[in-house]
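> My file is my_file.cif. It has mmCIF, C-alpha atoms and all ligand atoms:
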data_entry
#
loop_
_atom_site.label_atom_id
_atom_site.label_comp_id
_atom_site.auth_asym_id
_atom_site.auth_seq_id
_atom_site.Cartn_x
_atom_site.Cartn_y
_atom_site.Cartn_z
CA MET T 795 122.70 35.23 89.80
CA GLN T 796 123.00 38.75 91.19
CA LYS T 797 120.98 39.59 94.28
CA THR T 798 119.90 43.07 95.25
CA ILE T 799 119.98 43.75 98.96
CA LEU T 800 118.59 46.78 100.75
CA ILE T 801 120.52 47.88 103.83
CA THR T 802 118.68 50.57 105.78
CA GLY T 803 120.60 52.94 108.06
CA GLY T 804 123.84 52.15 106.23
CA ALA T 805 125.29 55.62 106.88
CA GLY T 806 125.13 55.12 110.66
CA PHE T 807 127.60 53.47 113.01
CA ILE T 808 126.83 49.75 112.68
CA GLY T 809 125.19 50.09 109.25
CA SER T 810 128.35 51.52 107.69
CA HIS T 811 130.35 48.52 108.90
CA VAL T 812 127.71 46.15 107.51
CA VAL T 813 127.61 47.97 104.14
CA ARG T 814 131.42 47.87 103.89
CA LEU T 815 131.53 44.14 104.68
CA PHE T 816 128.80 43.23 102.18
CA VAL T 817 130.12 45.48 99.37
CA ASN T 818 133.67 44.09 99.76
CA ASN T 819 132.82 40.43 100.37
CA TYR T 820 129.97 39.97 97.88
CA PRO T 821 130.76 41.48 94.47
CA ASP T 822 127.75 39.57 93.08
CA TYR T 823 125.35 41.44 95.33
CA LYS T 824 124.13 44.88 94.52
CA ILE T 825 123.97 46.75 97.83
CA VAL T 826 121.50 49.63 98.08
CA ASN T 827 122.02 51.77 101.18
CA LEU T 828 118.88 53.68 102.17
CA ASP T 829 119.44 56.35 104.79
CA LYS T 830 117.71 59.56 105.80
CA LEU T 831 121.03 61.07 106.91
CA THR T 832 119.81 62.25 110.29
CA TYR T 833 122.36 63.74 112.70
CA ALA T 834 123.61 60.14 113.17
CA GLY T 835 124.03 59.30 109.50
CA ASN T 836 127.19 60.39 107.76
CA LEU T 837 128.31 59.47 104.24
CA ALA T 838 131.89 60.17 105.34
CA ASN T 839 131.60 56.77 107.06
CA LEU T 840 131.62 55.12 103.64
CA THR T 841 134.13 57.00 101.48
CA ASP T 842 136.14 53.81 100.90
CA VAL T 843 133.25 52.03 99.15
CA GLU T 844 131.24 54.91 97.67
CA HIS T 845 132.55 54.28 94.11
CA ALA T 846 132.28 50.49 94.22
CA PRO T 847 130.35 49.16 91.20
CA ASN T 848 128.03 47.07 93.40
CA TYR T 849 127.06 49.94 95.73
CA GLU T 850 124.39 52.61 95.51
CA PHE T 851 123.21 55.19 98.03
CA VAL T 852 119.61 56.42 98.20
CA LYS T 853 118.60 59.23 100.55
CA GLY T 854 115.13 58.70 102.00
CA ASP T 855 112.93 58.25 105.03
CA ILE T 856 111.52 54.85 106.02
CA VAL T 857 108.54 56.65 107.58
CA ASP T 858 107.39 57.73 104.10
CA ALA T 859 105.24 54.74 103.06
CA ASP T 860 104.74 55.78 99.41
CA PHE T 861 108.43 56.36 98.92
CA ILE T 862 109.26 52.96 100.43
CA GLN T 863 106.70 51.17 98.21
CA GLU T 864 108.16 52.84 95.10
CA LEU T 865 111.70 51.99 96.15
CA PHE T 866 110.86 48.30 96.53
CA GLN T 867 109.07 48.23 93.17
CA LYS T 868 112.01 49.97 91.47
CA TYR T 869 114.84 47.82 92.85
CA ARG T 870 112.90 44.57 93.44
CA PHE T 871 115.03 43.66 96.47
CA ASP T 872 115.80 40.02 97.24
CA GLY T 873 116.79 40.81 100.80
CA VAL T 874 116.50 43.52 103.42
CA ILE T 875 118.90 44.12 106.31
CA HIS T 876 117.11 46.67 108.45
CA LEU T 877 119.27 48.81 110.75
CA ALA T 878 117.75 52.29 110.31
CA ALA T 879 116.58 53.52 113.70
CA GLU T 880 116.70 56.29 116.20
CA SER T 881 119.20 54.68 118.56
CA HIS T 882 120.12 56.85 121.55
CA VAL T 883 118.32 56.22 124.87
CA ASP T 884 118.87 59.78 126.20
CA ARG T 885 117.33 61.30 123.07
CA SER T 886 114.35 58.92 123.41
CA ILE T 887 113.75 60.23 126.94
CA GLU T 888 113.90 63.81 125.65
CA GLY T 889 111.64 63.18 122.61
CA PRO T 890 110.00 59.76 122.11
CA MET T 891 107.99 60.54 118.96
CA ASP T 892 110.89 60.28 116.48
CA PHE T 893 111.55 56.83 117.94
CA ILE T 894 107.94 55.78 117.63
CA MET T 895 107.80 56.99 114.02
CA THR T 896 111.10 55.64 112.69
CA ASN T 897 111.46 52.48 114.75
CA ILE T 898 107.84 51.31 114.71
CA VAL T 899 106.07 52.95 111.73
CA GLY T 900 109.23 52.82 109.60
CA THR T 901 109.64 49.10 110.26
CA GLY T 902 105.95 48.56 109.46
CA ASN T 903 106.40 50.34 106.12
CA LEU T 904 109.35 48.13 105.19
CA LEU T 905 107.47 44.96 106.15
CA ASN T 906 104.46 46.02 104.06
CA ALA T 907 106.61 46.83 101.04
CA ALA T 908 108.48 43.50 101.26
CA ARG T 909 105.21 41.61 101.62
CA GLU T 910 103.68 43.35 98.61
CA LEU T 911 106.75 42.93 96.40
CA TRP T 912 107.39 39.27 97.24
CA ASN T 913 103.68 38.47 97.18
CA GLY T 914 104.04 34.96 98.62
CA ASN T 915 107.02 34.03 96.38
CA TYR T 916 109.53 33.76 99.15
CA ASP T 917 112.22 31.61 97.54
CA GLY T 918 115.62 33.21 98.22
CA LYS T 919 114.01 36.18 100.00
CA LEU T 920 114.81 37.41 103.52
CA PHE T 921 113.83 40.28 105.79
CA TYR T 922 116.52 40.57 108.47
CA HIS T 923 115.67 42.88 111.37
CA ILE T 924 118.52 44.16 113.56
CA SER T 925 117.54 44.70 117.18
CA THR T 926 119.00 45.22 120.62
CA ASP T 927 119.33 43.36 123.92
CA GLU T 928 117.61 46.35 125.58
CA VAL T 929 114.21 44.86 124.65
CA TYR T 930 114.74 42.28 127.42
CA GLY T 931 114.84 44.96 130.14
CA SER T 932 117.28 45.14 133.02
CA LEU T 933 119.12 42.31 134.80
CA GLY T 934 120.06 42.08 138.47
CA GLU T 935 123.46 40.85 139.55
CA THR T 936 123.08 37.42 137.99
CA GLY T 937 121.61 35.81 134.87
CA MET T 938 121.87 36.53 131.18
CA PHE T 939 119.46 37.29 128.36
CA VAL T 940 118.61 34.27 126.20
CA GLU T 941 116.42 34.31 123.09
CA THR T 942 113.38 33.25 125.14
CA THR T 943 113.75 35.90 127.87
CA PRO T 944 110.40 37.75 128.07
CA TYR T 945 110.44 41.29 126.72
CA ASP T 946 110.45 44.03 129.36
CA PRO T 947 111.56 47.28 127.69
CA ARG T 948 111.87 50.34 129.94
CA SER T 949 112.92 53.30 127.81
CA PRO T 950 111.05 54.78 124.84
CA TYR T 951 113.99 53.56 122.72
CA SER T 952 113.83 49.95 123.89
CA ALA T 953 110.02 49.97 123.83
CA SER T 954 110.05 51.13 120.21
CA LYS T 955 112.59 48.45 119.27
CA ALA T 956 110.53 45.81 121.11
CA SER T 957 107.44 46.93 119.16
CA SER T 958 109.32 46.58 115.89
CA ASP T 959 110.53 43.08 116.85
CA HIS T 960 106.92 42.07 117.61
CA LEU T 961 105.77 43.40 114.24
CA VAL T 962 108.48 41.46 112.41
CA ARG T 963 107.48 38.23 114.20
CA ALA T 964 103.80 38.94 113.52
CA TYR T 965 104.49 39.20 109.75
CA PHE T 966 106.28 35.85 109.94
CA HIS T 967 103.44 34.08 111.76
CA THR T 968 100.59 35.80 109.95
CA TYR T 969 101.89 36.12 106.37
CA ASN T 970 104.82 33.65 106.40
CA LEU T 971 107.13 36.53 105.51
CA PRO T 972 110.67 35.07 105.70
CA VAL T 973 112.23 36.94 108.60
CA VAL T 974 115.13 36.61 110.98
CA ILE T 975 115.92 38.79 114.01
CA SER T 976 119.08 39.36 116.03
CA ASN T 977 119.41 41.16 119.35
CA CYS T 978 122.86 42.50 120.10
CA SER T 979 124.59 43.98 123.12
CA ASN T 980 126.36 47.40 123.20
CA ASN T 981 128.71 47.93 120.27
CA TYR T 982 131.95 49.91 120.25
CA GLY T 983 134.42 50.75 117.50
CA SER T 984 135.15 53.31 114.80
CA HIS T 985 132.55 55.69 113.33
CA GLN T 986 130.23 55.77 116.38
CA PHE T 987 128.50 59.10 116.93
CA PRO T 988 130.03 60.77 120.02
CA GLU T 989 126.81 60.91 122.02
CA LYS T 990 127.28 57.26 123.10
CA LEU T 991 129.51 56.55 126.09
CA ILE T 992 132.79 55.41 124.53
CA PRO T 993 133.32 57.97 121.71
CA LEU T 994 131.86 60.75 123.90
CA PHE T 995 134.36 60.09 126.66
CA ILE T 996 137.31 59.70 124.26
CA ASN T 997 136.39 63.05 122.71
CA ASN T 998 135.94 64.75 126.09
CA ILE T 999 139.24 63.43 127.44
CA LYS T 1000 140.98 64.67 124.32
CA ASN T 1001 139.46 68.12 124.86
CA ASN T 1002 139.93 68.13 128.66
CA LYS T 1003 136.17 68.31 129.22
CA PRO T 1004 134.32 66.73 132.20
CA LEU T 1005 133.31 63.06 131.90
CA PRO T 1006 129.62 62.95 132.94
CA VAL T 1007 129.14 59.59 134.71
CA TYR T 1008 125.45 58.87 135.30
CA GLY T 1009 124.56 57.92 138.90
CA LYS T 1010 127.37 56.03 140.64
CA GLY T 1011 128.75 54.50 137.44
CA GLU T 1012 127.69 51.06 138.65
CA ASN T 1013 125.56 50.07 135.66
CA ILE T 1014 126.91 47.18 133.62
CA ARG T 1015 127.01 46.75 129.85
CA ASP T 1016 128.27 43.88 127.67
CA TRP T 1017 130.50 45.38 124.96
CA LEU T 1018 131.06 43.91 121.50
CA TRP T 1019 133.41 45.17 118.78
CA VAL T 1020 131.26 46.51 115.94
CA ASN T 1021 133.14 44.53 113.28
CA ASP T 1022 132.24 41.34 115.16
CA HIS T 1023 128.58 42.41 115.07
CA ALA T 1024 128.87 42.95 111.31
CA ARG T 1025 130.41 39.47 110.95
CA ALA T 1026 127.52 38.00 112.95
CA ILE T 1027 125.02 39.77 110.69
CA ASP T 1028 126.77 38.26 107.65
CA VAL T 1029 126.58 34.75 109.17
CA ILE T 1030 122.94 35.12 110.23
CA TYR T 1031 121.89 36.62 106.89
CA HIS T 1032 123.38 33.66 105.01
CA SER T 1033 122.83 30.76 107.43
CA GLY T 1034 120.21 31.81 109.99
CA GLU T 1035 117.00 29.84 110.09
CA ILE T 1036 113.85 31.62 108.93
CA GLY T 1037 111.64 32.72 111.84
CA GLU T 1038 114.48 32.41 114.37
CA THR T 1039 116.03 34.92 116.75
CA TYR T 1040 119.75 35.03 117.58
CA ASN T 1041 121.35 36.86 120.49
CA ILE T 1042 124.74 38.43 119.76
CA GLY T 1043 127.08 39.45 122.58
CA GLY T 1044 130.67 39.87 123.60
CA HIS T 1045 130.82 37.91 126.90
CA ASN T 1046 132.45 41.13 127.99
CA GLU T 1047 130.68 42.80 130.90
CA TRP T 1048 132.04 46.04 132.31
CA LYS T 1049 130.81 48.25 135.11
CA ASN T 1050 130.68 51.75 133.58
CA ILE T 1051 133.14 53.26 136.05
CA ASP T 1052 135.70 50.49 135.45
CA LEU T 1053 135.36 50.90 131.69
CA ILE T 1054 135.74 54.66 132.01
CA LYS T 1055 138.89 54.27 134.14
CA GLU T 1056 140.32 51.87 131.54
CA ILE T 1057 139.66 54.43 128.78
CA CYS T 1058 141.29 57.16 130.93
CA LYS T 1059 144.35 54.96 131.46
CA VAL T 1060 144.82 54.22 127.74
CA MET T 1061 144.15 57.87 126.82
CA ASP T 1062 146.82 59.10 129.28
CA GLU T 1063 149.26 56.72 127.63
CA LYS T 1064 148.32 57.69 124.06
CA LEU T 1065 148.32 61.43 124.76
CA GLY T 1066 151.55 61.29 126.77
CA ARG T 1067 149.83 62.56 129.93
CA GLU T 1068 150.85 61.67 133.49
CA PRO T 1069 149.02 58.49 134.66
CA GLY T 1070 145.84 59.55 136.53
CA THR T 1071 145.42 62.85 134.65
CA SER T 1072 142.28 61.93 132.67
CA GLU T 1073 140.55 60.29 135.66
CA GLN T 1074 140.40 63.73 137.25
CA LEU T 1075 137.84 64.67 134.61
CA ILE T 1076 135.33 62.13 136.00
CA THR T 1077 132.23 63.99 137.22
CA TYR T 1078 129.27 62.16 138.75
CA VAL T 1079 126.01 63.62 137.42
CA THR T 1080 122.27 63.01 137.86
CA ASP T 1081 121.34 59.50 136.81
CA ARG T 1082 119.46 58.72 133.59
CA ALA T 1083 115.72 58.26 134.23
CA GLY T 1084 114.82 54.56 134.35
CA HIS T 1085 118.50 53.64 133.88
CA ASP T 1086 118.73 49.88 133.19
CA MET T 1087 121.18 48.35 135.69
CA ARG T 1088 122.71 45.50 133.75
CA TYR T 1089 122.68 43.90 130.31
CA ALA T 1090 124.38 40.57 129.56
CA ILE T 1091 123.89 38.39 126.51
CA ASP T 1092 124.10 34.62 126.31
CA ALA T 1093 125.16 34.03 122.69
CA THR T 1094 125.39 30.22 122.98
CA LYS T 1095 122.74 29.60 120.31
CA LEU T 1096 124.65 31.62 117.71
CA LYS T 1097 127.88 29.84 118.56
CA GLN T 1098 126.42 26.34 118.61
CA GLU T 1099 124.15 26.64 115.58
CA LEU T 1100 126.07 28.99 113.29
CA GLY T 1101 129.63 28.86 114.67
CA TRP T 1102 130.00 32.60 115.36
CA GLU T 1103 132.22 33.90 118.16
CA PRO T 1104 133.69 37.33 118.92
CA SER T 1105 137.14 37.62 117.34
CA LEU T 1106 138.69 40.43 119.33
CA GLN T 1107 139.56 40.82 123.01
CA PHE T 1108 138.23 44.03 124.52
CA GLU T 1109 141.63 45.27 125.74
CA GLU T 1110 142.89 45.23 122.14
CA GLY T 1111 139.62 46.49 120.68
CA ILE T 1112 139.44 49.54 122.92
CA ARG T 1113 143.03 50.50 122.05
CA ASN T 1114 142.29 50.21 118.32
CA THR T 1115 139.12 52.24 118.83
CA ILE T 1116 140.91 55.01 120.72
CA ASP T 1117 143.59 55.11 118.00
CA TRP T 1118 140.88 55.46 115.35
CA TYR T 1119 139.26 58.49 117.05
CA LEU T 1120 142.65 60.11 117.68
CA ASN T 1121 143.74 59.54 114.07
CA ASN T 1122 140.46 60.74 112.55
CA GLU T 1123 140.21 64.20 113.96
CA ASP T 1124 138.50 65.55 110.80
CA TRP T 1125 135.70 63.00 111.16
CA LEU T 1126 135.19 63.95 114.84
CA THR T 1127 135.29 67.68 114.09
CA ASN T 1128 132.84 67.24 111.27
CA VAL T 1129 130.22 65.31 113.28
CA THR T 1130 130.58 67.42 116.43
CA SER T 1131 130.03 70.77 114.73
CA GLY T 1132 126.66 72.52 114.47
CA ALA T 1133 123.67 70.63 115.87
CA TYR T 1134 125.86 68.45 118.11
CA GLN T 1135 126.88 71.45 120.22
CA HIS T 1136 123.25 72.35 120.80
CA TYR T 1137 122.41 68.75 121.78
CA TYR T 1138 125.37 68.57 124.15
CA GLU T 1139 124.52 71.77 125.97
CA LYS T 1140 120.88 70.79 126.36
CA GLN T 1141 121.60 67.20 127.44
CA TYR T 1142 124.21 67.98 130.07
CA ALA T 1143 123.26 71.50 131.23
CA ASP T 1144 121.09 70.60 134.23
CA ARG T 1145 122.80 67.40 135.38
P1 LIG E 1201 123.00 55.04 114.47
O1 LIG E 1201 122.12 55.99 115.21
O2 LIG E 1201 124.48 55.25 114.45
O3 LIG E 1201 122.53 54.97 112.93
C1 LIG E 1201 121.19 54.93 112.55
C2 LIG E 1201 121.12 55.27 111.07
O4 LIG E 1201 119.74 55.23 110.68
C3 LIG E 1201 121.64 56.66 110.72
O5 LIG E 1201 122.48 56.60 109.59
C4 LIG E 1201 120.36 57.46 110.43
O6 LIG E 1201 120.57 58.50 109.48
C5 LIG E 1201 119.43 56.38 109.90
N1 LIG E 1201 118.01 56.71 110.07
C6 LIG E 1201 117.42 57.18 111.22
N2 LIG E 1201 116.11 57.41 110.99
C7 LIG E 1201 115.88 57.08 109.69
C8 LIG E 1201 114.71 57.10 108.88
N3 LIG E 1201 113.53 57.52 109.36
N4 LIG E 1201 114.82 56.67 107.60
C9 LIG E 1201 116.02 56.24 107.10
N5 LIG E 1201 117.15 56.23 107.82
C10 LIG E 1201 117.09 56.64 109.10
O7 LIG E 1201 122.62 53.61 115.05
P2 LIG E 1201 123.53 52.32 115.26
O8 LIG E 1201 124.15 52.39 116.61
O9 LIG E 1201 124.36 52.10 114.07
O10 LIG E 1201 122.39 51.20 115.33
C11 LIG E 1201 121.93 50.56 114.15
C12 LIG E 1201 120.87 49.53 114.51
O11 LIG E 1201 121.44 48.57 115.42
C13 LIG E 1201 119.66 50.12 115.22
O12 LIG E 1201 118.52 49.45 114.74
C14 LIG E 1201 119.90 49.81 116.70
O13 LIG E 1201 118.69 49.68 117.38
C15 LIG E 1201 120.66 48.49 116.60
N6 LIG E 1201 121.58 48.21 117.71
C16 LIG E 1201 122.53 49.13 118.09
C17 LIG E 1201 123.43 48.81 119.11
C18 LIG E 1201 124.53 49.76 119.52
O14 LIG E 1201 125.26 49.48 120.48
N7 LIG E 1201 124.74 50.88 118.84
C19 LIG E 1201 123.33 47.58 119.76
C20 LIG E 1201 122.34 46.67 119.35
C21 LIG E 1201 121.48 46.99 118.32
P1 LIG E 1202 125.12 54.45 125.99
O1 LIG E 1202 126.40 54.46 125.22
O2 LIG E 1202 124.19 55.61 125.83
O3 LIG E 1202 124.40 53.08 125.63
P2 LIG E 1202 123.06 52.39 126.29
O4 LIG E 1202 122.39 53.36 127.18
O5 LIG E 1202 122.25 52.08 125.08
O6 LIG E 1202 123.57 51.18 126.99
O7 LIG E 1202 125.45 54.33 127.53
C1 LIG E 1202 126.23 53.25 128.03
C2 LIG E 1202 126.23 53.35 129.55
O8 LIG E 1202 126.95 54.55 129.92
C3 LIG E 1202 124.85 53.50 130.15
O9 LIG E 1202 124.80 52.78 131.39
C4 LIG E 1202 124.70 54.98 130.41
C5 LIG E 1202 126.12 55.43 130.69
N1 LIG E 1202 126.45 56.83 130.30
C6 LIG E 1202 127.02 57.72 131.22
O10 LIG E 1202 127.29 57.36 132.37
N2 LIG E 1202 127.29 59.00 130.80
C7 LIG E 1202 127.01 59.44 129.56
O11 LIG E 1202 127.26 60.64 129.24
C8 LIG E 1202 126.44 58.51 128.61
C9 LIG E 1202 126.11 58.94 127.20
C10 LIG E 1202 126.17 57.21 129.04
#
Is it possible to express this structure as structure tokens?
Ligand code: NAD
Ligand code: TYD

Amino acid sequence: MQKTILITGGAGFIGSHVVRLFVNNYPDYKIVNLDKLTYAGNLANLTDVEHAPNYEFVKGDIVDADFIQELFQKYRFDGVIHLAAESHVDRSIEGPMDFIMTNIVGTGNLLNAARELWNGNYDGKLFYHISTDEVYGSLGETGMFVETTPYDPRSPYSASKASSDHLVRAYFHTYNLPVVISNCSNNYGSHQFPEKLIPLFINNIKNNKPLPVYGKGENIRDWLWVNDHARAIDVIYHSGEIGETYNIGGHNEWKNIDLIKEICKVMDEKLGREPGTSEQLITYVTDRAGHDMRYAIDATKLKQELGWEPSLQFEEGIRNTIDWYLNNEDWLTNVTSGAYQHYYEKQYADR
């Protein structure tokens, strides 16, 4: 029997990879992509599936409760994969309210609509909430985040995601709503908006612009290829246990400055520049306020219980990613025109 699945935020970076995977792998599912098309949402991310018979796009805002109720009544979704969010830490420091509205109120609206539609008949139904490892706070030199690590969010972004995770769990415990949550580490890959570290620095190197390294570049992130995140979401959606949380990570920690030097090295090679040329663009700037020192995910539960592992080594993944940005100049030009320029000037002017 056909299932109808709502994917929110499907025009964004990770969402577009999830939409593509579900549309291609599950012809029996009807995939409805709901996205507000903020600066981060771009339908050009999905041109390869836009005419697929099992795909439909709806433009709309998850903060609009009436609209969300009507949408659920119209499509009678069997499942929800919720990725729509304001997602950039620096923007959350600049203006937290959009994060509070979309990430918290928006998630509340979706939970209410699912609860009302399913009305206690939960057979075959699932509300899957996509979250981040940033809810766990900041690690010192040792240790890793496990599913039971206490929440300790420190930025308006991570605090808003933590709030949404708490709401999702509360609807499970209070109303038995069938939910599952995953918390993933930093993603990299194609179609990521160039405000995040990796696409920003690729774009700047290409254009010979300074590379603004926050603080001393000593912060550590655990990087996962976005397609591996999408694969994990597929596995968890189909085999995850109701009420459970799964951590997703790459076992791939990099100090920012080492990662940046690696990108510079590959870019020199790809652009035919003398080795060491791009590194000269590195510029140390004022640190991010409340900058989390280290994130690292222990994804043992996901591996042991559901058999998921990352498929791609970082050295190969970063080369593929750089190739994608260099070969998709139109995409980059398109997303970096207009409002992006204004954001960039404001964000980096006083650093
Ligand atoms: P993104 O910013 O690239 O995309 C977010 C999408 O949500 C955009 O298409 C945007 O238009 C849409 N959106 C924003 N506000 C909306 C609203 N009010 N109504 C409807 N749509 C709205 O984000 P991303 O990096 O793809 O992240 C997707 C999800 O994964 C987020 O929930 C994020 O917290 C989580 N996550 C991201 C990472 C990462 O490294 N990027 C890591 C772990 C978890
Ligand atoms: P980012 O891609 O914004 O992801 P997050 O903050 O969610 O981990 O940043 C990754 C790391 O790179 C983080 O430690 C901040 C740092 N960074 C810079 O040094 N310079 C920059 O211009 C940006 C955007 C990030």
> Using all atoms listed in the file, can you tell me which of T:Ile999, T:Val1020, T:Met938, T:Asp927 comes closest to Gly1070 in chain T?
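Using all atoms listed in the file, Gly1070 in chain T sits closest to T:Ile999.
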> Compile the contact shell of Glu941 in chain T as a ChimeraX atom specification: residues with an atom at most 8 Å away, counting only C-alpha atoms, same-chain residues fewer than 2 positions apart removed.
/T:939,943,1039-1041
> So which one's closest to ligand LIG 1201 (chain E), T:Lys1000, T:Arg963, T:Arg1015, T:Arg1113? Using all atoms listed in the file, please.
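The answer is T:Arg1015, which sits nearest to ligand LIG 1201 (chain E).
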> May I have the residues within 7 Å of Phe871 in chain T as a PDB file with C-alpha atoms, in the coordinates of the input, using all atoms listed in the file and disregarding those fewer than 2 positions away in the same chain?

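This is the output file out_34.pdb:
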ATOM      1  CA  THR T 798     119.900  43.070  95.250  1.00  0.00           C
ATOM      2  CA  ILE T 799     119.980  43.750  98.960  1.00  0.00           C
ATOM      3  CA  LEU T 800     118.590  46.780 100.750  1.00  0.00           C
ATOM      4  CA  PHE T 866     110.860  48.300  96.530  1.00  0.00           C
ATOM      5  CA  TYR T 869     114.840  47.820  92.850  1.00  0.00           C
ATOM      6  CA  GLY T 873     116.790  40.810 100.800  1.00  0.00           C
TER       7      GLY T 873
END
> Near Glu910 in chain T, counting all atoms listed in the file, which residues have an atom at most 9 Å away, once you skip same-chain residues fewer than 4 positions from it, shown as JSON, numbers by chain?
{"T": [863, 866, 905, 906, 914]}
> Name each residue within 7 Å of ligand LIG 1202 (chain E), counting all atoms listed in the file, as a list in words.
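Checking all atoms listed in the file against ligand LIG 1202 (chain E) at 7 Å gives His882, Val883, Asp884, Asn980, Glu989, Lys990, Leu991, Ile992, Leu994, Pro1006, Val1007, Tyr1008, Gly1011, Asn1013, Ile1014, Arg1015, Asn1050, His1085 and Asp1086 of chain T.
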> For CA of Phe1108 in chain T and CA of Asp1052 in chain T, determine how far apart the two atoms are, in Å to one decimal place.
12.9 Å
> Mind giving me the axis-aligned box for ligand LIG 1201 (chain E) with 8 Å on every side, centre plus edges in Å to one decimal, as AutoDock Vina command-line options?

--center_x 119.4 --center_y 52.6 --center_z 113.8 --size_x 27.7 --size_y 27.8 --size_z 29.4
> Measure the distance from CA of Asn998 in chain T to CA of Ser1072 in chain T in Å and round it to one decimal.
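CA of Asn998 in chain T sits 9.6 Å away from CA of Ser1072 in chain T.
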> Which is closer to ligand LIG 1201 (chain E) than all the others in T:Gln1098, T:Thr832, T:Thr936, T:Asn997, using all atoms listed in the file?
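Ranked by minimum distance to ligand LIG 1201 (chain E), first place goes to T:Thr832.
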> Considering only C-alpha atoms and all ligand atoms, tabulate each residue of chain T that lies at most 6 Å from ligand LIG 1201 (chain E) along with its nearest interatomic pair and the corresponding distance in Å to one decimal; arrange the rows by chain and ascending residue number and present them as a Markdown table.

| residue | atom | partner | partner_atom | distance |
| --- | --- | --- | --- | --- |
| T:Gly803 | CA | E:LIG1201 | O4 | 3.6 |
| T:Gly804 | CA | E:LIG1201 | O5 | 5.7 |
| T:Ala805 | CA | E:LIG1201 | O5 | 4.0 |
| T:Gly806 | CA | E:LIG1201 | O5 | 3.2 |
| T:Phe807 | CA | E:LIG1201 | O9 | 3.7 |
| T:Ile808 | CA | E:LIG1201 | O9 | 3.7 |
| T:Gly809 | CA | E:LIG1201 | O9 | 5.3 |
| T:Asp829 | CA | E:LIG1201 | N5 | 3.8 |
| T:Lys830 | CA | E:LIG1201 | N5 | 3.9 |
| T:Leu831 | CA | E:LIG1201 | O6 | 3.7 |
| T:Thr832 | CA | E:LIG1201 | O6 | 3.9 |
| T:Ala834 | CA | E:LIG1201 | C3 | 4.7 |
| T:Gly835 | CA | E:LIG1201 | O5 | 3.1 |
| T:Gly854 | CA | E:LIG1201 | C9 | 5.7 |
| T:Asp855 | CA | E:LIG1201 | N4 | 3.6 |
| T:Ile856 | CA | E:LIG1201 | N4 | 4.1 |
| T:Val857 | CA | E:LIG1201 | N3 | 5.4 |
| T:Leu877 | CA | E:LIG1201 | O12 | 4.1 |
| T:Ala878 | CA | E:LIG1201 | O4 | 3.6 |
| T:Ala879 | CA | E:LIG1201 | C6 | 4.5 |
| T:Glu880 | CA | E:LIG1201 | C6 | 5.1 |
| T:Ser881 | CA | E:LIG1201 | O1 | 4.6 |
| T:Thr896 | CA | E:LIG1201 | N3 | 4.5 |
| T:Ile924 | CA | E:LIG1201 | O12 | 5.4 |
| T:Ser925 | CA | E:LIG1201 | C21 | 4.7 |
| T:Thr926 | CA | E:LIG1201 | C21 | 3.8 |
| T:Cys978 | CA | E:LIG1201 | C20 | 4.3 |
| T:Ser979 | CA | E:LIG1201 | C19 | 5.1 |
| T:Asn980 | CA | E:LIG1201 | O14 | 3.6 |
| T:Asn981 | CA | E:LIG1201 | O14 | 3.8 |
